[in-house]
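The file work22.csv comes next; it holds CSV, C-alpha atoms and all ligand atoms.
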```
chain,number,residue,atom,x,y,z
A,1,MET,CA,-49.5,-5.3,-22.2
A,2,GLU,CA,-46.2,-4.6,-24.0
A,3,LYS,CA,-46.3,-1.0,-22.7
A,4,TYR,CA,-46.5,-2.2,-19.1
A,5,LEU,CA,-43.8,-4.7,-19.6
A,6,ASN,CA,-41.5,-2.0,-21.1
A,7,THR,CA,-42.3,0.4,-18.2
A,8,PHE,CA,-41.5,-2.4,-15.8
A,9,THR,CA,-38.1,-3.4,-17.4
A,10,GLU,CA,-37.1,0.2,-18.0
A,11,ALA,CA,-37.7,1.1,-14.3
A,12,PHE,CA,-36.0,-2.1,-13.1
A,13,ILE,CA,-32.9,-1.7,-15.2
A,14,GLY,CA,-32.8,2.0,-14.6
A,15,THR,CA,-32.7,1.5,-10.8
A,16,ILE,CA,-30.0,-1.2,-11.1
A,17,ASN,CA,-27.9,1.2,-13.2
A,18,TRP,CA,-28.5,4.1,-10.9
A,19,THR,CA,-27.4,2.0,-7.9
A,20,LEU,CA,-24.3,0.8,-9.7
A,21,ASP,CA,-23.5,4.4,-10.8
A,22,SER,CA,-23.9,5.5,-7.2
A,23,ILE,CA,-21.5,2.9,-5.9
A,24,LEU,CA,-19.0,3.9,-8.6
A,25,PHE,CA,-19.4,7.7,-7.8
A,26,ASN,CA,-20.9,8.3,-11.2
A,27,VAL,CA,-23.9,10.3,-9.9
A,28,PRO,CA,-24.0,13.9,-8.3
A,29,TRP,CA,-22.7,13.6,-4.8
A,30,HIS,CA,-25.9,15.1,-3.3
A,31,LYS,CA,-28.0,12.3,-4.9
A,32,ASN,CA,-25.7,9.6,-3.8
A,33,TYR,CA,-27.7,7.8,-1.2
A,34,PHE,CA,-25.4,4.8,-1.3
A,35,TRP,CA,-22.3,6.5,0.0
A,36,GLY,CA,-24.4,9.1,1.8
A,37,LEU,CA,-25.9,6.3,4.0
A,38,ILE,CA,-22.4,4.9,4.6
A,39,VAL,CA,-21.0,8.3,5.6
A,40,ILE,CA,-23.9,9.1,8.0
A,41,SER,CA,-23.6,5.6,9.5
A,42,LEU,CA,-19.9,6.0,10.1
A,43,VAL,CA,-20.3,9.4,11.7
A,44,VAL,CA,-23.0,8.3,14.1
A,45,TRP,CA,-21.1,5.1,14.9
A,46,VAL,CA,-17.9,7.1,15.8
A,47,LEU,CA,-20.1,9.4,17.9
A,48,GLU,CA,-21.5,6.3,19.7
A,49,MET,CA,-17.9,5.3,20.5
A,50,ILE,CA,-17.0,8.7,21.8
A,51,PHE,CA,-20.2,9.5,23.7
A,52,PRO,CA,-21.8,6.1,24.7
A,53,TRP,CA,-25.0,6.3,26.7
A,54,ARG,CA,-25.0,2.7,27.9
A,55,LYS,CA,-21.3,2.4,28.6
A,56,ASP,CA,-21.3,-1.4,28.9
A,57,GLN,CA,-22.7,-1.9,25.4
A,58,SER,CA,-20.3,-3.2,22.8
A,59,PHE,CA,-19.6,-1.0,19.7
A,60,ILE,CA,-20.5,-4.0,17.7
A,61,ARG,CA,-23.6,-4.8,19.7
A,62,LYS,CA,-26.0,-7.7,19.4
A,63,ASP,CA,-27.3,-8.1,15.8
A,64,PHE,CA,-25.0,-5.3,14.5
A,65,TRP,CA,-24.2,-7.1,11.2
A,66,LEU,CA,-27.8,-8.2,10.7
A,67,ASP,CA,-28.9,-4.6,11.0
A,68,GLY,CA,-26.1,-3.5,8.7
A,69,PHE,CA,-27.4,-5.9,6.1
A,70,TYR,CA,-31.0,-4.7,6.5
A,71,MET,CA,-29.8,-1.1,5.8
A,72,PHE,CA,-28.6,-2.1,2.3
A,73,PHE,CA,-31.4,-4.5,1.7
A,74,ASN,CA,-34.3,-2.1,2.4
A,75,PHE,CA,-32.6,0.9,0.8
A,76,PHE,CA,-31.2,-0.6,-2.4
A,77,ILE,CA,-32.1,-4.3,-3.1
A,78,PHE,CA,-35.8,-3.8,-2.3
A,79,ALA,CA,-35.8,-0.5,-4.2
A,80,ILE,CA,-34.6,-2.3,-7.3
A,81,VAL,CA,-37.1,-5.1,-7.0
A,82,ILE,CA,-40.1,-2.8,-6.4
A,83,SER,CA,-39.3,0.0,-8.9
A,84,GLY,CA,-40.9,-1.8,-11.9
A,85,PHE,CA,-44.1,-2.4,-10.0
A,86,TYR,CA,-44.4,1.2,-8.8
A,87,ASN,CA,-43.8,2.6,-12.3
A,88,VAL,CA,-46.5,0.3,-13.8
A,89,LEU,CA,-48.9,1.4,-11.1
A,90,GLY,CA,-48.1,5.0,-12.0
A,91,VAL,CA,-49.0,4.3,-15.6
A,92,LEU,CA,-52.3,2.5,-14.6
A,93,PHE,CA,-53.4,5.4,-12.4
A,94,SER,CA,-52.6,8.0,-15.1
A,95,GLU,CA,-54.8,6.0,-17.5
A,96,ILE,CA,-57.8,6.4,-15.3
A,97,GLY,CA,-57.0,10.1,-14.9
A,98,ILE,CA,-55.3,10.1,-11.5
A,99,SER,CA,-51.9,11.7,-11.3
A,100,ASN,CA,-50.0,13.0,-8.3
A,101,LYS,CA,-51.3,16.5,-9.3
A,102,SER,CA,-55.0,15.4,-9.0
A,103,LEU,CA,-55.4,16.3,-5.3
A,104,ALA,CA,-53.5,19.5,-4.8
A,105,LEU,CA,-54.6,21.3,-1.7
A,106,ILE,CA,-51.9,23.9,-1.7
A,107,ASP,CA,-49.7,25.1,-4.5
A,108,ILE,CA,-46.2,25.6,-3.0
A,109,SER,CA,-44.3,25.8,-6.3
A,110,HIS,CA,-43.9,29.6,-6.1
A,111,TRP,CA,-42.7,29.6,-2.4
A,112,GLU,CA,-39.2,30.2,-1.3
A,113,LEU,CA,-37.1,27.0,-1.5
A,114,TRP,CA,-36.6,26.7,2.3
A,115,GLN,CA,-40.4,27.0,2.8
A,116,GLN,CA,-41.1,24.3,0.2
A,117,LEU,CA,-38.6,22.0,1.9
A,118,LEU,CA,-40.0,22.7,5.4
A,119,VAL,CA,-43.6,21.9,4.3
A,120,PHE,CA,-42.4,18.8,2.4
A,121,PHE,CA,-40.6,17.6,5.5
A,122,ILE,CA,-43.5,18.3,7.9
A,123,ILE,CA,-46.2,16.7,5.7
A,124,LEU,CA,-44.0,13.6,5.0
A,125,ASP,CA,-43.2,13.2,8.7
A,126,PHE,CA,-46.8,13.5,9.7
A,127,VAL,CA,-48.1,10.8,7.3
A,128,GLN,CA,-45.3,8.5,8.4
A,129,TRP,CA,-46.2,9.1,12.0
A,130,LEU,CA,-49.8,8.2,11.1
A,131,THR,CA,-48.7,5.0,9.3
A,132,HIS,CA,-46.5,4.0,12.2
A,133,VAL,CA,-49.6,4.4,14.6
A,134,LEU,CA,-51.5,2.1,12.2
A,135,LEU,CA,-48.7,-0.5,12.2
A,136,HIS,CA,-49.2,-0.7,16.0
A,137,LYS,CA,-53.0,-0.6,16.0
A,138,PHE,CA,-53.8,-3.4,13.6
A,139,GLU,CA,-52.7,-6.9,14.3
A,140,PHE,CA,-52.1,-7.8,10.7
A,141,LEU,CA,-49.7,-4.8,10.3
A,142,TRP,CA,-48.1,-5.3,13.7
A,143,ARG,CA,-47.1,-8.9,12.7
A,144,PHE,CA,-44.7,-7.3,10.1
A,145,HIS,CA,-43.7,-4.3,12.3
A,146,LYS,CA,-42.5,-6.8,15.0
A,147,VAL,CA,-39.3,-7.1,13.0
A,148,HIS,CA,-38.3,-3.6,13.9
A,149,HIS,CA,-39.3,-4.2,17.5
A,150,SER,CA,-37.2,-7.4,17.7
A,151,VAL,CA,-34.1,-5.2,18.4
A,152,LYS,CA,-32.8,-6.2,21.9
A,153,GLU,CA,-29.8,-3.9,22.1
A,154,MET,CA,-30.2,-0.5,20.6
A,155,GLY,CA,-27.7,1.2,18.2
A,156,PHE,CA,-27.9,3.4,15.1
A,157,ALA,CA,-28.1,0.5,12.6
A,158,ALA,CA,-31.3,-0.7,14.2
A,159,HIS,CA,-33.0,2.3,12.4
A,160,LEU,CA,-33.3,0.3,9.1
A,161,ARG,CA,-34.2,-3.1,10.5
A,162,TYR,CA,-37.7,-3.5,9.3
A,163,HIS,CA,-39.7,-6.0,7.2
A,164,TRP,CA,-39.7,-5.2,3.5
A,165,MET,CA,-43.5,-5.0,3.6
A,166,GLU,CA,-43.2,-1.8,5.6
A,167,ASN,CA,-41.8,-0.1,2.5
A,168,ILE,CA,-45.1,-0.9,0.8
A,169,PHE,CA,-47.3,0.1,3.9
A,170,TYR,CA,-45.6,3.5,4.0
A,171,LYS,CA,-46.0,4.2,0.3
A,172,PRO,CA,-49.7,5.1,0.0
A,173,LEU,CA,-49.8,7.8,2.7
A,174,LYS,CA,-46.4,9.2,1.6
A,175,THR,CA,-47.8,9.4,-2.0
A,176,PHE,CA,-51.0,11.0,-0.6
A,177,GLY,CA,-48.9,13.5,1.3
A,178,VAL,CA,-47.0,14.5,-1.8
A,179,MET,CA,-50.3,14.8,-3.7
A,180,LEU,CA,-51.6,17.2,-1.2
A,181,ILE,CA,-48.9,19.7,-2.1
A,182,GLY,CA,-49.6,19.2,-5.8
A,183,GLY,CA,-47.4,16.2,-6.5
A,184,PHE,CA,-44.6,18.6,-5.9
A,185,GLU,CA,-41.3,17.2,-4.8
A,186,PRO,CA,-38.7,19.9,-4.6
A,187,GLU,CA,-35.6,19.2,-6.7
A,188,GLN,CA,-33.6,19.7,-3.4
A,189,ALA,CA,-35.7,17.0,-1.6
A,190,TYR,CA,-32.5,15.1,-1.0
A,191,ILE,CA,-31.7,17.6,1.8
A,192,VAL,CA,-34.9,16.5,3.6
A,193,HIS,CA,-34.2,12.8,2.9
A,194,PHE,CA,-30.6,13.1,4.3
A,195,ILE,CA,-31.8,15.0,7.4
A,196,ALA,CA,-34.5,12.3,8.0
A,197,ILE,CA,-31.9,9.5,7.7
A,198,SER,CA,-29.6,11.3,10.1
A,199,ILE,CA,-32.3,12.0,12.7
A,200,GLY,CA,-33.5,8.3,12.4
A,201,HIS,CA,-29.9,7.1,13.0
A,202,LEU,CA,-29.5,9.4,16.0
A,203,ASN,CA,-32.9,8.3,17.4
A,204,HIS,CA,-31.7,4.7,17.5
A,205,SER,CA,-28.1,5.4,18.5
A,206,ASN,CA,-26.5,4.7,21.8
A,207,ILE,CA,-26.0,8.4,22.4
A,208,LYS,CA,-28.2,10.2,24.9
A,209,ILE,CA,-29.8,13.1,23.1
A,210,THR,CA,-32.8,15.1,24.4
A,211,TRP,CA,-32.5,18.4,22.4
A,212,GLY,CA,-33.4,20.3,25.6
A,213,PRO,CA,-36.5,22.4,25.2
A,214,PHE,CA,-36.7,21.3,21.5
A,215,LYS,CA,-37.6,17.8,22.6
A,216,TYR,CA,-41.3,18.8,22.1
A,217,ILE,CA,-40.6,19.2,18.4
A,218,LEU,CA,-37.7,16.9,17.6
A,219,ASN,CA,-37.8,13.1,18.2
A,220,ASN,CA,-34.7,11.9,20.1
A,221,SER,CA,-33.0,8.7,21.3
A,222,VAL,CA,-34.4,8.9,24.9
A,223,MET,CA,-38.0,9.2,23.6
A,224,HIS,CA,-37.6,6.5,20.9
A,225,LEU,CA,-35.9,4.0,23.2
A,226,TYR,CA,-39.2,4.0,25.2
A,227,HIS,CA,-41.0,3.3,21.9
A,228,HIS,CA,-39.1,0.0,21.9
A,229,ILE,CA,-39.8,-0.9,25.5
A,230,LYS,CA,-40.8,-4.6,26.1
A,231,ALA,CA,-43.4,-4.0,28.9
A,232,LEU,CA,-45.6,-1.1,27.8
A,233,PRO,CA,-47.1,1.0,30.6
A,234,GLU,CA,-50.6,0.4,32.0
A,235,GLY,CA,-53.3,1.6,29.6
A,236,ARG,CA,-50.9,2.1,26.7
A,237,SER,CA,-50.9,-1.4,25.3
A,238,GLN,CA,-50.9,-0.2,21.7
A,239,GLY,CA,-47.7,1.7,22.0
A,240,ILE,CA,-46.1,5.1,22.8
A,241,ASN,CA,-43.9,7.7,21.1
A,242,TYR,CA,-44.6,6.9,17.5
A,243,GLY,CA,-42.6,9.8,16.2
A,244,ILE,CA,-40.3,9.5,13.2
A,245,SER,CA,-38.3,12.7,12.9
A,246,LEU,CA,-40.6,15.0,14.8
A,247,SER,CA,-41.9,14.3,18.4
A,248,ILE,CA,-44.6,17.1,18.2
A,249,TRP,CA,-47.3,14.7,16.9
A,250,ASP,CA,-47.0,12.6,20.0
A,251,TYR,CA,-47.3,15.6,22.2
A,252,ILE,CA,-50.3,16.9,20.2
A,253,PHE,CA,-52.1,13.5,20.2
A,254,LYS,CA,-51.0,12.6,23.7
A,255,THR,CA,-49.1,9.5,22.8
A,256,ASN,CA,-45.9,10.7,24.4
A,257,TYR,CA,-44.3,8.9,27.4
A,258,VAL,CA,-40.8,9.5,28.8
A,259,PRO,CA,-40.8,8.9,32.6
A,260,GLU,CA,-37.0,8.8,33.0
A,261,GLU,CA,-33.8,8.9,31.0
A,262,SER,CA,-31.5,6.1,32.3
A,263,GLY,CA,-31.5,4.3,29.0
A,264,THR,CA,-31.6,0.9,30.7
A,265,LEU,CA,-34.9,-0.5,29.5
A,266,GLU,CA,-35.6,-4.1,28.4
A,267,LEU,CA,-36.5,-3.9,24.7
A,268,GLY,CA,-38.6,-6.1,22.5
A,269,PHE,CA,-42.2,-7.4,22.8
A,270,PRO,CA,-43.9,-10.0,25.0
A,271,ASP,CA,-44.0,-13.1,22.7
A,272,GLU,CA,-40.6,-12.5,21.2
A,273,GLU,CA,-39.1,-16.0,22.2
A,274,SER,CA,-40.9,-17.7,19.2
A,275,PHE,CA,-40.0,-14.9,16.8
A,276,PRO,CA,-37.4,-15.6,14.0
A,277,LYS,CA,-34.0,-14.3,14.8
A,278,GLY,CA,-32.3,-14.3,11.4
A,279,PHE,CA,-32.9,-12.4,8.1
A,280,ILE,CA,-34.5,-15.3,6.2
A,281,GLY,CA,-37.0,-16.1,9.0
A,282,GLN,CA,-37.9,-12.5,9.4
A,283,PHE,CA,-38.2,-12.1,5.6
A,284,PHE,CA,-41.1,-14.6,5.5
A,285,THR,CA,-42.7,-13.7,8.8
A,286,GLY,CA,-46.0,-11.8,9.2
A,287,PHE,CA,-48.0,-13.3,6.4
A,288,ARG,CA,-49.9,-15.8,8.6
A,289,SER,CA,-51.7,-15.2,11.9
A,290,LYS,CA,-50.8,-17.8,14.5
B,301,ZN,ZN,-43.0,0.9,16.2
B,302,ZN,ZN,-37.2,2.3,16.2
```
Output the structure of this file as structure tokens.
Ligand SMILES: [Zn+2]
Ligand SMILES: [Zn+2]
Amino acid sequence: MEKYLNTFTEAFIGTINWTLDSILFNVPWHKNYFWGLIVISLVVWVLEMIFPWRKDQSFIRKDFWLDGFYMFFNFFIFAIVISGFYNVLGVLFSEIGISNKSLALIDISHWELWQQLLVFFIILDFVQWLTHVLLHKFEFLWRFHKVHHSVKEMGFAAHLRYHWMENIFYKPLKTFGVMLIGGFEPEQAYIVHFIAISIGHLNHSNIKITWGPFKYILNNSVMHLYHHIKALPEGRSQGINYGISLSIWDYIFKTNYVPEESGTLELGFPDEESFPKGFIGQFFTGFRSK
């Protein structure tokens, strides 16, 4: 028991210290997600001001500050709270002989670095696409995912408005994905993480991006805005355009839908009137079916 308690406290305090060191610039710049997130956000925000898609939308749109808070809550506060639990789980699994090296399908450790990063990026994106599909398919998961779909005016900060339970839902498949490549997380994985954050911000931004012919591979703001549409098209009641960084999975599995590119859609979901509007209400939502 003492071992688990020690693991828990060590991870918990370690994550608090790492976060404080990040804020105080005491970690290598390429691992500084705190300031990295702020810099990416400021860049995309300025781009929204220079190249607005919906010209009548305010730079500080509806719920801007709520979403700004979510950004730090989901990335840092939640990470601190959960770190102890995850590390204890890791110890429990290793005791029954399961490690993240147990499932290796392919060994990529001797590949070129760019190949490793590319495979890591593609696998991680696919398992997240799959998780996102499940969040829409099952009612008990959708109740939590509604927080992300409660955005009424779209802008970059909406990217990280999601229920804290989603961090937990995404974890098993992400871990499984990393296990498939031998538990191998390249030392330079931060490149993939920063690219994914940037693409996610752009997908939610008030900037019209289609990537031209690359739209069949890369997700974009036009495609993702349709993911947030309030009135889903006939026969697509469970959702469309589930893509995270890549759009290719939606084209492969025929869940793509982009009929036009005006950017003037009503966002949300049908029973949104009774949905909590503030952080506290949304924090506790989802645990009970109506
Ligand atoms: Zn969704
Ligand atoms: Zn979204």
*Among the residues A:Phe176, A:Trp142, A:Phe253, A:Phe78, the one that comes closest to ligand ZN 301 (chain B) [using only C-alpha atoms and all ligand atoms]*: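 Using only C-alpha atoms and all ligand atoms, the shortest distance to ligand ZN 301 (chain B) belongs to A:Trp142.
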Listing only residues of chain A within 9 Å of ligand ZN 301 (chain B), what is the closest atom pair and its distance in Å (to one decimal) for each, using only C-alpha atoms and all ligand atoms, sorted by chain and residue number ascending, as a Markdown table?
```
| residue | atom | partner | partner_atom | distance |
| --- | --- | --- | --- | --- |
| A:His132 | CA | B:ZN301 | ZN | 6.2 |
| A:Val133 | CA | B:ZN301 | ZN | 7.6 |
| A:Leu135 | CA | B:ZN301 | ZN | 7.1 |
| A:His136 | CA | B:ZN301 | ZN | 6.4 |
| A:Trp142 | CA | B:ZN301 | ZN | 8.4 |
| A:His145 | CA | B:ZN301 | ZN | 6.5 |
| A:Lys146 | CA | B:ZN301 | ZN | 7.8 |
| A:His148 | CA | B:ZN301 | ZN | 6.9 |
| A:His149 | CA | B:ZN301 | ZN | 6.4 |
| A:His227 | CA | B:ZN301 | ZN | 6.5 |
| A:His228 | CA | B:ZN301 | ZN | 7.0 |
| A:Gly239 | CA | B:ZN301 | ZN | 7.5 |
| A:Ile240 | CA | B:ZN301 | ZN | 8.4 |
| A:Asn241 | CA | B:ZN301 | ZN | 8.4 |
| A:Tyr242 | CA | B:ZN301 | ZN | 6.3 |
| A:Gly243 | CA | B:ZN301 | ZN | 8.9 |
```
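Those residues that approach range 219-223 of chain A to within 7 Å, counting all atoms listed in the file, are A:Leu202, A:Asn203, A:His204, A:Ser205, A:Lys208, A:Ile209, A:Thr210, A:Asn241, A:Gly243, A:Ile244, A:Ser245, A:Leu246, A:Ser247, A:Val258, A:Glu261, A:Gly263; same-chain residues fewer than 6 positions away are not listed.
Ranking A:Phe184, A:Phe156, A:Tyr70, A:Trp29 by their shortest atom-to-atom distance to Glu48 in chain A, with only C-alpha atoms included, puts A:Phe156 first.
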*Distance of CA of Lys174 in chain A from CA of Asp67 in chain A, expressed in Å to one decimal place*: 24.2 Å
_Atom pair CA of Asp63 in chain A / CA of Arg161 in chain A: separation (Å)_ = 10.0 Å
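CA of Val178 in chain A sits 13.5 Å away from CA of Ile98 in chain A.
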_Shell around Phe144 in chain A at 9 Å using all atoms listed in the file, local window under 3 positions removed, as a PyMOL selection string_ = chain A and resi 135+140-141+147-148+162-166+282+285-287
*Counting all atoms listed in the file, the residue of A:Glu234, A:Glu153, A:Glu187, A:Glu260 that sits nearest ligand ZN 302 (chain B)*: A:Glu153
*All residues 8 Å or closer to Ala11 in chain A, only C-alpha atoms, same chain fewer than 6 positions away omitted, as a PyMOL selection string*: chain A and resi 83-84+87
_Here is a test: counting only C-alpha atoms, which residue of A:Gly14, A:Ile40, A:Ile108, A:His201 is nearest to Gly182 in chain A?_
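With only C-alpha atoms as the atom set, the closest residue is A:Ile108.
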_Could you check the closest approach to Tyr190 in chain A for each of A:Pro52, A:Phe121, A:Gly90, A:Glu139 and tell me which residue wins, using all atoms listed in the file?_
A:Phe121
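With all atoms listed in the file as the atoms that count, the minimum distance from Trp249 in chain A to the choices A:Trp129, A:Gly36, A:Ala231, A:Ala189 is reached by A:Trp129.
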*Any idea what's packed within 8 Å of Gly268 in chain A, counting all atoms listed in the file, ignoring anything in its chain fewer than 4 positions away? Could you give it as a PyMOL selection string?*
chain A and resi 149-152+228-230+272
Need to verify the contact set: Ile122 in chain A, 10 Å, all atoms listed in the file, exclusion of same-chain residues closer than 4 positions in sequence. Can you return it as a PDB file with C-alpha atoms, in the coordinates of the input?
```pdb
ATOM      1  CA  LEU A 117     -38.600  22.000   1.900  1.00  0.00           C
ATOM      2  CA  LEU A 118     -40.000  22.700   5.400  1.00  0.00           C
ATOM      3  CA  PHE A 126     -46.800  13.500   9.700  1.00  0.00           C
ATOM      4  CA  VAL A 127     -48.100  10.800   7.300  1.00  0.00           C
ATOM      5  CA  GLN A 128     -45.300   8.500   8.400  1.00  0.00           C
ATOM      6  CA  GLY A 177     -48.900  13.500   1.300  1.00  0.00           C
ATOM      7  CA  VAL A 192     -34.900  16.500   3.600  1.00  0.00           C
ATOM      8  CA  SER A 245     -38.300  12.700  12.900  1.00  0.00           C
ATOM      9  CA  LEU A 246     -40.600  15.000  14.800  1.00  0.00           C
TER      10      LEU A 246
END
```
